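Trainee: File follows, my_file-v7.txt with compact mmCIF, C-alpha atoms:
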# COMPACT_ATOMS: atom_id res chain seq x y z
CA MET A 1 10.49 13.27 -20.45
CA PRO A 2 7.37 12.58 -18.38
CA THR A 3 4.65 15.07 -17.58
CA ILE A 4 3.50 14.96 -13.96
CA ILE A 5 -0.26 15.31 -13.52
CA PHE A 6 -0.82 16.93 -10.14
CA ASP A 7 -3.14 19.28 -8.29
CA GLN A 8 -2.50 20.82 -4.87
CA SER A 9 -6.15 20.20 -4.00
CA ALA A 10 -5.28 16.51 -3.66
CA THR A 11 -3.36 17.40 -0.50
CA VAL A 12 -6.12 19.17 1.44
CA PHE A 13 -7.96 16.18 2.91
CA SER A 14 -6.54 13.97 5.65
CA ALA A 15 -7.09 12.19 8.94
CA ASP A 16 -4.33 12.33 11.55
CA TYR A 17 -4.28 8.56 12.07
CA HIS A 18 -4.38 7.60 8.41
CA PRO A 19 -1.34 6.35 6.41
CA GLU A 20 -2.83 7.60 3.12
CA ARG A 21 -1.79 11.16 3.89
CA PRO A 22 -1.01 14.38 2.00
CA ALA A 23 2.73 14.03 2.62
CA ARG A 24 2.77 11.20 0.09
CA LEU A 25 2.24 13.84 -2.58
CA THR A 26 3.87 16.91 -1.07
CA THR A 27 7.22 15.22 -0.46
CA THR A 28 7.15 13.59 -3.90
CA GLU A 29 6.29 16.89 -5.59
CA ALA A 30 9.16 18.64 -3.85
CA HIS A 31 11.60 15.86 -4.73
CA LEU A 32 10.65 15.63 -8.40
CA ARG A 33 10.68 19.41 -8.90
CA ASP A 34 14.14 19.57 -7.33
CA GLN A 35 15.64 16.60 -9.17
CA HIS A 36 13.98 17.14 -12.54
CA PRO A 37 13.37 20.86 -13.12
CA ASP A 38 12.82 20.19 -16.84
CA TRP A 39 9.84 17.88 -16.31
CA ALA A 40 6.46 19.38 -17.18
CA TRP A 41 3.56 19.64 -14.73
CA ILE A 42 -0.13 19.91 -15.59
CA VAL A 43 -3.36 20.09 -13.59
CA PRO A 44 -6.01 17.42 -14.22
CA ARG A 45 -9.67 17.91 -14.98
CA LEU A 46 -12.50 16.20 -13.15
CA ALA A 47 -13.74 12.96 -14.66
CA SER A 48 -17.27 13.44 -15.97
CA GLU A 49 -20.29 11.64 -14.58
CA GLU A 50 -20.65 9.88 -17.92
CA GLU A 51 -17.08 8.56 -17.70
CA VAL A 52 -17.53 7.38 -14.12
CA LEU A 53 -20.86 5.66 -14.79
CA LYS A 54 -19.19 3.37 -17.31
CA VAL A 55 -17.57 1.78 -14.25
CA HIS A 56 -19.62 2.63 -11.16
CA HIS A 57 -23.28 2.27 -10.24
CA PRO A 58 -25.20 5.56 -9.85
CA LYS A 59 -25.97 4.69 -6.23
CA HIS A 60 -22.23 4.55 -5.58
CA LEU A 61 -21.89 8.21 -6.56
CA GLU A 62 -24.80 9.07 -4.29
CA ARG A 63 -23.12 7.23 -1.42
CA LEU A 64 -19.91 9.24 -1.84
CA GLN A 65 -21.85 12.38 -0.92
CA GLN A 66 -23.15 10.99 2.38
CA PRO A 67 -21.05 12.12 5.37
CA VAL A 68 -20.60 8.68 6.91
CA ASP A 69 -17.36 6.66 6.90
CA PHE A 70 -17.31 3.84 4.35
CA ASP A 71 -15.34 1.43 6.54
CA ALA A 72 -12.61 1.58 9.20
CA ASP A 73 -9.94 2.20 6.55
CA THR A 74 -11.94 4.50 4.30
CA PRO A 75 -13.22 7.63 6.03
CA TYR A 76 -15.61 10.17 4.65
CA TYR A 77 -13.93 13.49 3.88
CA PRO A 78 -15.73 16.69 2.85
CA ARG A 79 -15.83 16.85 -0.97
CA ILE A 80 -14.34 13.36 -1.27
CA GLU A 81 -16.39 12.76 -4.42
CA GLU A 82 -14.72 15.78 -6.07
CA HIS A 83 -11.27 14.64 -4.96
CA ALA A 84 -11.90 11.15 -6.36
CA LEU A 85 -13.24 12.61 -9.61
CA ARG A 86 -10.06 14.68 -9.94
CA ALA A 87 -7.87 11.60 -9.38
CA ALA A 88 -9.88 9.75 -12.02
CA GLY A 89 -9.50 12.72 -14.35
CA ALA A 90 -5.74 12.58 -13.85
CA ALA A 91 -5.74 8.90 -14.81
CA ILE A 92 -7.67 9.80 -17.95
CA GLY A 93 -5.11 12.54 -18.61
CA SER A 94 -2.32 9.97 -18.41
CA VAL A 95 -4.10 7.92 -21.08
CA ASP A 96 -4.60 10.98 -23.30
CA LEU A 97 -0.90 11.86 -23.09
CA ALA A 98 0.08 8.27 -23.88
CA LEU A 99 -2.14 8.11 -26.93
CA ARG A 100 -0.50 11.31 -28.21
CA GLY A 101 2.91 9.70 -27.91
CA ASP A 102 3.84 11.46 -24.66
CA GLN A 103 4.42 10.19 -21.12
CA GLY A 104 2.25 11.22 -18.20
CA PHE A 105 2.23 10.08 -14.57
CA SER A 106 -0.74 10.74 -12.30
CA LEU A 107 0.62 11.95 -8.96
CA MET A 108 -2.74 12.15 -7.23
CA ARG A 109 -4.76 10.81 -4.34
CA PRO A 110 -6.96 9.12 -3.29
CA PRO A 111 -5.85 5.83 -4.85
CA GLY A 112 -8.47 3.74 -6.59
CA HIS A 113 -7.83 0.06 -7.28
CA HIS A 114 -9.81 -1.31 -4.32
CA ALA A 115 -13.02 0.55 -5.20
CA THR A 116 -15.56 -1.81 -6.75
CA SER A 117 -18.45 -0.78 -8.96
CA THR A 118 -20.63 -0.33 -5.87
CA ARG A 119 -18.32 0.14 -2.88
CA ALA A 120 -15.58 2.44 -1.59
CA MET A 121 -12.98 0.52 0.41
CA GLY A 122 -9.29 0.24 1.21
CA PHE A 123 -8.55 4.01 1.00
CA CYS A 124 -10.23 4.05 -2.46
CA TYR A 125 -13.43 5.82 -3.56
CA LEU A 126 -13.53 5.68 -7.37
CA ASN A 127 -11.59 3.17 -9.44
CA SER A 128 -9.41 5.55 -11.44
CA ILE A 129 -7.57 2.87 -13.43
CA ALA A 130 -10.79 1.18 -14.54
CA ILE A 131 -12.31 4.53 -15.51
CA ALA A 132 -9.15 5.29 -17.51
CA ALA A 133 -9.27 1.87 -19.19
CA HIS A 134 -12.81 2.48 -20.41
CA HIS A 135 -11.75 5.93 -21.59
CA ALA A 136 -8.95 4.31 -23.62
CA LEU A 137 -11.45 1.99 -25.28
CA GLU A 138 -13.70 4.95 -26.09
CA ALA A 139 -10.65 6.77 -27.52
CA GLY A 140 -10.08 4.03 -30.08
CA CYS A 141 -7.97 1.38 -28.36
CA GLN A 142 -9.08 -2.12 -29.25
CA ARG A 143 -7.36 -3.82 -26.32
CA VAL A 144 -6.18 -2.41 -23.00
CA ALA A 145 -3.80 -3.99 -20.48
CA ILE A 146 -3.68 -3.10 -16.78
CA TRP A 147 -0.47 -3.94 -14.91
CA ASP A 148 -0.96 -3.66 -11.13
CA PHE A 149 2.21 -4.12 -9.06
CA ASP A 150 0.79 -2.57 -5.89
CA ALA A 151 1.43 -4.84 -2.90
CA HIS A 152 -2.32 -5.22 -2.34
CA HIS A 153 -4.58 -7.07 -4.74
CA GLY A 154 -6.54 -4.80 -7.06
CA ASN A 155 -9.83 -6.42 -6.12
CA GLY A 156 -11.93 -3.50 -7.29
CA THR A 157 -10.31 -3.45 -10.70
CA GLU A 158 -10.84 -7.21 -11.02
CA ASP A 159 -14.48 -6.79 -10.01
CA ILE A 160 -15.04 -4.18 -12.70
CA VAL A 161 -13.11 -5.59 -15.66
CA PHE A 162 -13.71 -9.33 -15.22
CA GLY A 163 -15.34 -10.75 -18.33
CA ASN A 164 -14.45 -7.79 -20.57
CA ASN A 165 -12.53 -9.43 -23.40
CA ARG A 166 -11.04 -6.09 -24.48
CA ILE A 167 -9.24 -5.63 -21.15
CA ARG A 168 -6.63 -7.89 -19.57
CA PHE A 169 -5.72 -7.28 -15.93
CA ALA A 170 -2.71 -8.60 -14.03
CA SER A 171 -2.12 -8.10 -10.31
CA ILE A 172 1.02 -9.11 -8.42
CA HIS A 173 0.47 -8.78 -4.69
CA GLN A 174 1.26 -10.00 -1.21
CA HIS A 175 -0.92 -12.85 0.02
CA PRO A 176 -2.11 -13.20 2.69
CA CYS A 177 -2.74 -9.49 2.99
CA TYR A 178 -5.61 -7.01 2.67
CA PRO A 179 -8.14 -7.47 1.07
CA GLY A 180 -7.60 -11.25 1.03
CA THR A 181 -8.57 -11.74 -2.60
CA GLY A 182 -6.63 -12.49 -5.78
CA ILE A 183 -5.62 -16.06 -5.03
CA ALA A 184 -6.37 -17.50 -8.48
CA SER A 185 -6.54 -16.30 -12.07
CA ARG A 186 -9.76 -16.42 -14.05
CA GLY A 187 -10.63 -15.45 -17.59
CA ASN A 188 -9.10 -12.09 -18.47
CA VAL A 189 -7.77 -11.64 -14.92
CA LEU A 190 -4.27 -12.85 -14.02
CA ASN A 191 -3.29 -13.01 -10.34
CA TRP A 192 0.13 -13.64 -8.82
CA PRO A 193 -0.16 -14.02 -5.02
CA ILE A 194 3.29 -13.65 -3.43
CA PRO A 195 3.92 -14.87 0.15
CA PRO A 196 5.17 -12.31 2.67
CA ARG A 197 8.95 -11.84 2.87
CA SER A 198 9.50 -13.65 -0.43
CA PRO A 199 12.91 -13.00 -2.01
CA ALA A 200 12.87 -9.95 -4.23
CA GLU A 201 14.01 -12.09 -7.16
CA ARG A 202 10.87 -14.23 -6.91
CA HIS A 203 8.65 -11.18 -6.67
CA THR A 204 10.22 -9.29 -9.57
CA SER A 205 10.14 -12.41 -11.73
CA ALA A 206 6.37 -12.58 -11.20
CA VAL A 207 6.02 -8.88 -12.06
CA GLN A 208 7.92 -9.46 -15.30
CA GLN A 209 5.92 -12.59 -16.16
CA ALA A 210 2.72 -10.64 -15.60
CA LEU A 211 3.85 -7.93 -17.99
CA ASP A 212 4.89 -10.53 -20.56
CA GLN A 213 1.44 -12.12 -20.44
CA LEU A 214 -0.17 -8.73 -20.84
CA ILE A 215 1.96 -8.04 -23.91
CA GLU A 216 0.86 -11.38 -25.40
CA PHE A 217 -2.65 -9.88 -25.38
CA ARG A 218 -1.37 -7.34 -27.96
CA PRO A 219 -2.74 -4.28 -26.15
CA ASP A 220 -2.73 -0.81 -27.66
CA ILE A 221 -1.79 0.71 -24.30
CA VAL A 222 -0.55 -0.46 -20.89
CA LEU A 223 -2.18 1.20 -17.90
CA VAL A 224 -0.22 0.84 -14.68
CA SER A 225 -1.53 0.74 -11.13
CA ALA A 226 1.83 1.87 -9.79
CA GLY A 227 1.86 1.04 -6.11
CA PHE A 228 5.15 1.32 -4.24
CA ASP A 229 4.13 -0.48 -1.06
CA ALA A 230 5.98 -3.72 -1.91
CA TYR A 231 9.07 -1.79 -0.82
CA VAL A 232 11.04 -3.44 1.95
CA LYS A 233 10.55 -0.49 4.33
CA ASP A 234 6.84 0.05 3.71
CA PRO A 235 4.98 0.07 7.05
CA LEU A 236 1.84 -1.66 5.75
CA THR A 237 3.29 -4.73 4.04
CA GLU A 238 5.91 -7.47 4.42
CA MET A 239 7.64 -7.48 1.06
CA THR A 240 11.28 -7.08 0.07
CA LEU A 241 11.58 -4.89 -3.04
CA GLU A 242 14.26 -2.19 -3.22
CA GLN A 243 14.56 1.07 -5.16
CA GLU A 244 16.31 -0.65 -8.08
CA ASP A 245 13.41 -3.07 -8.50
CA PHE A 246 11.00 -0.21 -9.18
CA ALA A 247 13.54 1.17 -11.65
CA SER A 248 13.40 -2.23 -13.37
CA PHE A 249 9.62 -1.96 -13.63
CA GLY A 250 9.97 1.40 -15.34
CA ARG A 251 12.59 0.04 -17.72
CA TRP A 252 10.41 -2.97 -18.59
CA LEU A 253 7.48 -0.69 -19.34
CA LYS A 254 9.70 1.33 -21.67
CA GLU A 255 10.98 -1.82 -23.37
CA THR A 256 7.46 -2.86 -24.38
CA GLY A 257 7.50 0.02 -26.87
CA LEU A 258 3.83 0.59 -26.07
CA PRO A 259 2.10 3.72 -24.80
CA GLY A 260 2.07 3.62 -21.01
CA ALA A 261 -0.23 5.35 -18.53
CA PRO A 262 0.90 4.91 -14.90
CA ILE A 263 -1.03 6.24 -11.94
CA LEU A 264 -0.06 6.30 -8.27
CA GLU A 265 -1.80 3.77 -6.06
CA GLY A 266 -0.20 2.78 -2.73
CA GLY A 267 3.18 3.41 -1.14
CA TYR A 268 3.43 4.59 2.45
CA SER A 269 7.11 4.74 3.37
CA ASN A 270 9.05 7.98 3.71
CA ASP A 271 11.09 6.84 0.72
CA LEU A 272 8.12 7.06 -1.65
CA PRO A 273 9.60 10.05 -3.58
CA ILE A 274 12.78 8.20 -4.51
CA LEU A 275 10.85 5.07 -5.50
CA ILE A 276 8.59 7.05 -7.82
CA ASP A 277 11.64 8.88 -9.19
CA ALA A 278 13.41 5.57 -9.89
CA PHE A 279 10.42 4.20 -11.78
CA LEU A 280 9.78 7.36 -13.82
CA THR A 281 13.44 7.99 -14.64
CA ALA A 282 13.92 4.44 -15.93
CA TRP A 283 10.70 4.65 -17.94
CA SER A 284 11.64 7.96 -19.55
CA ASP A 285 15.39 7.52 -20.14
What would you get if you wrote out this structure as C-alpha cells?
Mentor:
Amino acid sequence: MPTIIFDQSATVFSADYHPERPARLTTTEAHLRDQHPDWAWIVPRLASEEEVLKVHHPKHLERLQQPVDFDADTPYYPRIEEHALRAAGAAIGSVDLALRGDQGFSLMRPPGHHATSTRAMGFCYLNSIAIAAHHALEAGCQRVAIWDFDAHHGNGTEDIVFGNNRIRFASIHQHPCYPGTGIASRGNVLNWPIPPRSPAERHTSAVQQALDQLIEFRPDIVLVSAGFDAYVKDPLTEMTLEQEDFASFGRWLKETGLPGAPILEGGYSNDLPILIDAFLTAWSD
C-alpha cells in the first residue's frame, strides 16, 4: 500500500496560460482519496540547502530568488524556491520510505528533471530526482538507478549525474521533442529516443529494456522520474501509450523486487489521475 507524499501548498502557484497547473495535483488527490481511502498521506519537508548543493551551484539558488522569468516555459513565481525545495523534500521522502521497506509516491510540483546544476528550464527549478539520488547514496546505497519514462528527455538529470559511476540513468523519450537532447547514450547515461507516433509496443519495449539495463547495474534502489505525458491524449507530445501501459510500468517496477522511489514529473492530460492510479495500483498490488 503506497503512501502519497503531498502538500496543498504545491497547488498555490500558477499562470493562467501554463500547462503545468495546480489541477494536475488537485484532481489526482481527489481521485486517489476517493478510489483508495486506505492509502496513507504524509506532508513532505523542505530539502535542506546542504542536500540541494550536492546537485546545484550556489548561484542557482540565488537566481531562484530573483523575480525574473527563467525562460518562456519557466516563469518566476513568488516563493518558487520554497516550492521547489518542498518538491525535492518529497522526493527525498520517497527514498526514505523505500529504504524502510515501504512505498512512497511524491505527488508534488514543480517537476524537476529538466533543471541542470546551474539552470531552471522546462517547467523545472530544482532537480528533485538528482537530489534524491544523492540522498540515497548518503543514506548508504552503493548504487542508485534512475528510470525516467517521461516523454521528454531528462536533460538536467543527465547533466548532473553523468560521470558518477554510482548512479546509472536511463531516459526513454520522444525525439524530436523538447529539449532536443538525449539522442545517444554515453557512459552511465542510457538514452532511448523514440520517434513521434511510434507504436506503443515499440515504446514500451524500450521502457522495459531500459529497466533491464538498470537492473544489470545491481542498484540498491530504483528512483523513478514518473512522467505520464507519453499518453496518447497528452496535449504536449505525440506518443501513443495507454492507461494499461503505465500499469505495466508499475508492475515491472514491482517485479524487480527492489526498493522503488517514484516521483511525479510530467503529464498534462485530464486523464492524469487515472494514469497515476494505474501505475501505483500495479506497483503496490
Trainee: Considering all atoms listed in the file, return as an NGL selection string whatever protein or nucleic-acid residues lie within 8 Å of range 72-87 of chain A, sequence-local ones (same chain, fewer than 4 positions apart) excluded.
Mentor: :A and (9-10 or 13-14 or 18 or 44-48 or 61 or 64-68 or 91 or 106 or 108-111 or 120-126 or 128)
Trainee: Residues within 10 Å of Gln103 in chain A, please, as a PyMOL selection string. Count all atoms listed in the file; anything in the same chain fewer than 5 positions from it doesn't count.
Mentor: chain A and resi 1-4+94-98+259-262+280+283-284
Trainee: Go ahead and save the picked residues with C-alpha atoms, as a PDB file, keeping the file's coordinate frame.
Mentor:
ATOM      1  CA  MET A   1      10.490  13.270 -20.450  1.00  0.00           C
ATOM      2  CA  PRO A   2       7.370  12.580 -18.380  1.00  0.00           C
ATOM      3  CA  THR A   3       4.650  15.070 -17.580  1.00  0.00           C
ATOM      4  CA  ILE A   4       3.500  14.960 -13.960  1.00  0.00           C
ATOM      5  CA  SER A  94      -2.320   9.970 -18.410  1.00  0.00           C
ATOM      6  CA  VAL A  95      -4.100   7.920 -21.080  1.00  0.00           C
ATOM      7  CA  ASP A  96      -4.600  10.980 -23.300  1.00  0.00           C
ATOM      8  CA  LEU A  97      -0.900  11.860 -23.090  1.00  0.00           C
ATOM      9  CA  ALA A  98       0.080   8.270 -23.880  1.00  0.00           C
ATOM     10  CA  PRO A 259       2.100   3.720 -24.800  1.00  0.00           C
ATOM     11  CA  GLY A 260       2.070   3.620 -21.010  1.00  0.00           C
ATOM     12  CA  ALA A 261      -0.230   5.350 -18.530  1.00  0.00           C
ATOM     13  CA  PRO A 262       0.900   4.910 -14.900  1.00  0.00           C
ATOM     14  CA  LEU A 280       9.780   7.360 -13.820  1.00  0.00           C
ATOM     15  CA  TRP A 283      10.700   4.650 -17.940  1.00  0.00           C
ATOM     16  CA  SER A 284      11.640   7.960 -19.550  1.00  0.00           C
TER      17      SER A 284
END
Trainee: List as a PDB file with C-alpha atoms, in the frame of the given file the protein and nucleic acid residues near range 233-249 of chain A, meaning an atom at most 8 Å away when all atoms listed in the file are counted, but skip any in the same chain fewer than 4 places from it.
Mentor:
ATOM      1  CA  ALA A 151       1.430  -4.840  -2.900  1.00  0.00           C
ATOM      2  CA  GLN A 174       1.260 -10.000  -1.210  1.00  0.00           C
ATOM      3  CA  CYS A 177      -2.740  -9.490   2.990  1.00  0.00           C
ATOM      4  CA  PRO A 196       5.170 -12.310   2.670  1.00  0.00           C
ATOM      5  CA  ARG A 197       8.950 -11.840   2.870  1.00  0.00           C
ATOM      6  CA  SER A 198       9.500 -13.650  -0.430  1.00  0.00           C
ATOM      7  CA  PRO A 199      12.910 -13.000  -2.010  1.00  0.00           C
ATOM      8  CA  ALA A 200      12.870  -9.950  -4.230  1.00  0.00           C
ATOM      9  CA  HIS A 203       8.650 -11.180  -6.670  1.00  0.00           C
ATOM     10  CA  THR A 204      10.220  -9.290  -9.570  1.00  0.00           C
ATOM     11  CA  VAL A 207       6.020  -8.880 -12.060  1.00  0.00           C
ATOM     12  CA  GLN A 208       7.920  -9.460 -15.300  1.00  0.00           C
ATOM     13  CA  PHE A 228       5.150   1.320  -4.240  1.00  0.00           C
ATOM     14  CA  ASP A 229       4.130  -0.480  -1.060  1.00  0.00           C
ATOM     15  CA  LEU A 253       7.480  -0.690 -19.340  1.00  0.00           C
ATOM     16  CA  GLY A 267       3.180   3.410  -1.140  1.00  0.00           C
ATOM     17  CA  TYR A 268       3.430   4.590   2.450  1.00  0.00           C
ATOM     18  CA  SER A 269       7.110   4.740   3.370  1.00  0.00           C
ATOM     19  CA  ILE A 274      12.780   8.200  -4.510  1.00  0.00           C
ATOM     20  CA  LEU A 275      10.850   5.070  -5.500  1.00  0.00           C
ATOM     21  CA  ILE A 276       8.590   7.050  -7.820  1.00  0.00           C
ATOM     22  CA  ALA A 278      13.410   5.570  -9.890  1.00  0.00           C
ATOM     23  CA  PHE A 279      10.420   4.200 -11.780  1.00  0.00           C
ATOM     24  CA  LEU A 280       9.780   7.360 -13.820  1.00  0.00           C
ATOM     25  CA  THR A 281      13.440   7.990 -14.640  1.00  0.00           C
ATOM     26  CA  ALA A 282      13.920   4.440 -15.930  1.00  0.00           C
ATOM     27  CA  TRP A 283      10.700   4.650 -17.940  1.00  0.00           C
TER      28      TRP A 283
END
Trainee: Measuring between only C-alpha atoms, which one of A:Gly180, A:Val52, A:Glu201, A:Asp150 shows the shortest distance to Ala133 in chain A?
Mentor: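 Using only C-alpha atoms, the shortest distance to Ala133 in chain A belongs to A:Val52.
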Trainee: Could you tell me which of A:Ile131, A:Ile160, A:Ala170, A:Ala23 comes closest to Ala210 in chain A if we count all atoms listed in the file?
Mentor: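 For Ala210 in chain A, the nearest of the given residues is A:Ala170.
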Trainee: Could you tell me how far CA of Phe6 in chain A sits from CA of Val43 in chain A, in Å to one decimal place?
Mentor: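 Rounded to one decimal, the two atoms are 5.3 Å apart.
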Trainee: What's around Ile221 in chain A at 7 Å? Count only C-alpha atoms, leave out sequence neighbours fewer than 2 positions away in its own chain, and write the answer as a ChimeraX atom specification.
Mentor: /A:144-145,219,223,258-260
Trainee: Which residues come within 6 Å of Ile146 in chain A, counting all atoms listed in the file, excluding same-chain residues fewer than 6 positions away, as a list in words?
Mentor: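 Once the nearby chain positions are removed, what remains is Phe169, Val222, Leu223 and Val224 of chain A.
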Trainee: Please, could you write that set of residues out with C-alpha atoms as a PDB file, in the frame of the given file?
Mentor:
ATOM      1  CA  PHE A 169      -5.720  -7.280 -15.930  1.00  0.00           C
ATOM      2  CA  VAL A 222      -0.550  -0.460 -20.890  1.00  0.00           C
ATOM      3  CA  LEU A 223      -2.180   1.200 -17.900  1.00  0.00           C
ATOM      4  CA  VAL A 224      -0.220   0.840 -14.680  1.00  0.00           C
TER       5      VAL A 224
END
Trainee: From the list A:Asp159, A:Glu138, A:Glu29, A:Glu50, which residue is nearest Gln8 in chain A when using all atoms listed in the file?
Mentor: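 Closest candidate: A:Glu29.
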Trainee: Would you compute the distance between CA of Leu190 in chain A and CA of Ile167 in chain A? Give it in Å to one decimal.
Mentor: 11.3 Å
Trainee: Have range 250-268 of chain A completed to N, CA and C atoms, please, and pass it along as a compact mmCIF listing (two decimals), in the frame of the given file.
Mentor:
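result.txt written:
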# COMPACT_ATOMS: atom_id res chain seq x y z
N GLY A 250 10.04 0.30 -14.38
CA GLY A 250 9.97 1.40 -15.34
C GLY A 250 10.68 1.06 -16.63
N ARG A 251 11.84 0.42 -16.52
CA ARG A 251 12.59 0.04 -17.72
C ARG A 251 11.81 -0.99 -18.55
N TRP A 252 11.19 -1.97 -17.87
CA TRP A 252 10.41 -2.97 -18.59
C TRP A 252 9.23 -2.34 -19.32
N LEU A 253 8.59 -1.37 -18.67
CA LEU A 253 7.48 -0.69 -19.34
C LEU A 253 7.98 0.01 -20.60
N LYS A 254 9.13 0.67 -20.50
CA LYS A 254 9.70 1.33 -21.67
C LYS A 254 10.01 0.32 -22.77
N GLU A 255 10.56 -0.83 -22.39
CA GLU A 255 10.98 -1.82 -23.37
C GLU A 255 9.82 -2.46 -24.13
N THR A 256 8.61 -2.34 -23.63
CA THR A 256 7.46 -2.86 -24.38
C THR A 256 7.26 -2.09 -25.68
N GLY A 257 7.72 -0.82 -25.70
CA GLY A 257 7.50 0.02 -26.87
C GLY A 257 6.07 0.49 -27.01
N LEU A 258 5.25 0.23 -26.02
CA LEU A 258 3.83 0.59 -26.07
C LEU A 258 3.57 1.87 -25.28
N PRO A 259 2.51 2.60 -25.64
CA PRO A 259 2.10 3.72 -24.80
C PRO A 259 1.81 3.23 -23.38
N GLY A 260 2.29 3.97 -22.40
CA GLY A 260 2.07 3.62 -21.01
C GLY A 260 1.39 4.74 -20.25
N ALA A 261 0.51 4.36 -19.32
CA ALA A 261 -0.23 5.35 -18.53
C ALA A 261 -0.22 4.92 -17.07
N PRO A 262 0.83 5.28 -16.31
CA PRO A 262 0.90 4.91 -14.90
C PRO A 262 0.22 5.92 -13.99
N ILE A 263 -0.42 5.39 -12.96
CA ILE A 263 -1.03 6.24 -11.94
C ILE A 263 -0.59 5.75 -10.57
N LEU A 264 -0.46 6.66 -9.62
CA LEU A 264 -0.06 6.30 -8.27
C LEU A 264 -1.20 5.59 -7.55
N GLU A 265 -0.87 4.44 -6.96
CA GLU A 265 -1.80 3.77 -6.06
C GLU A 265 -1.24 3.86 -4.64
N GLY A 266 -0.70 2.76 -4.09
CA GLY A 266 -0.20 2.78 -2.73
C GLY A 266 1.28 3.14 -2.66
N GLY A 267 1.80 3.04 -1.43
CA GLY A 267 3.18 3.41 -1.14
C GLY A 267 3.19 4.34 0.05
N TYR A 268 3.65 3.86 1.21
CA TYR A 268 3.43 4.59 2.45
C TYR A 268 4.71 4.82 3.25
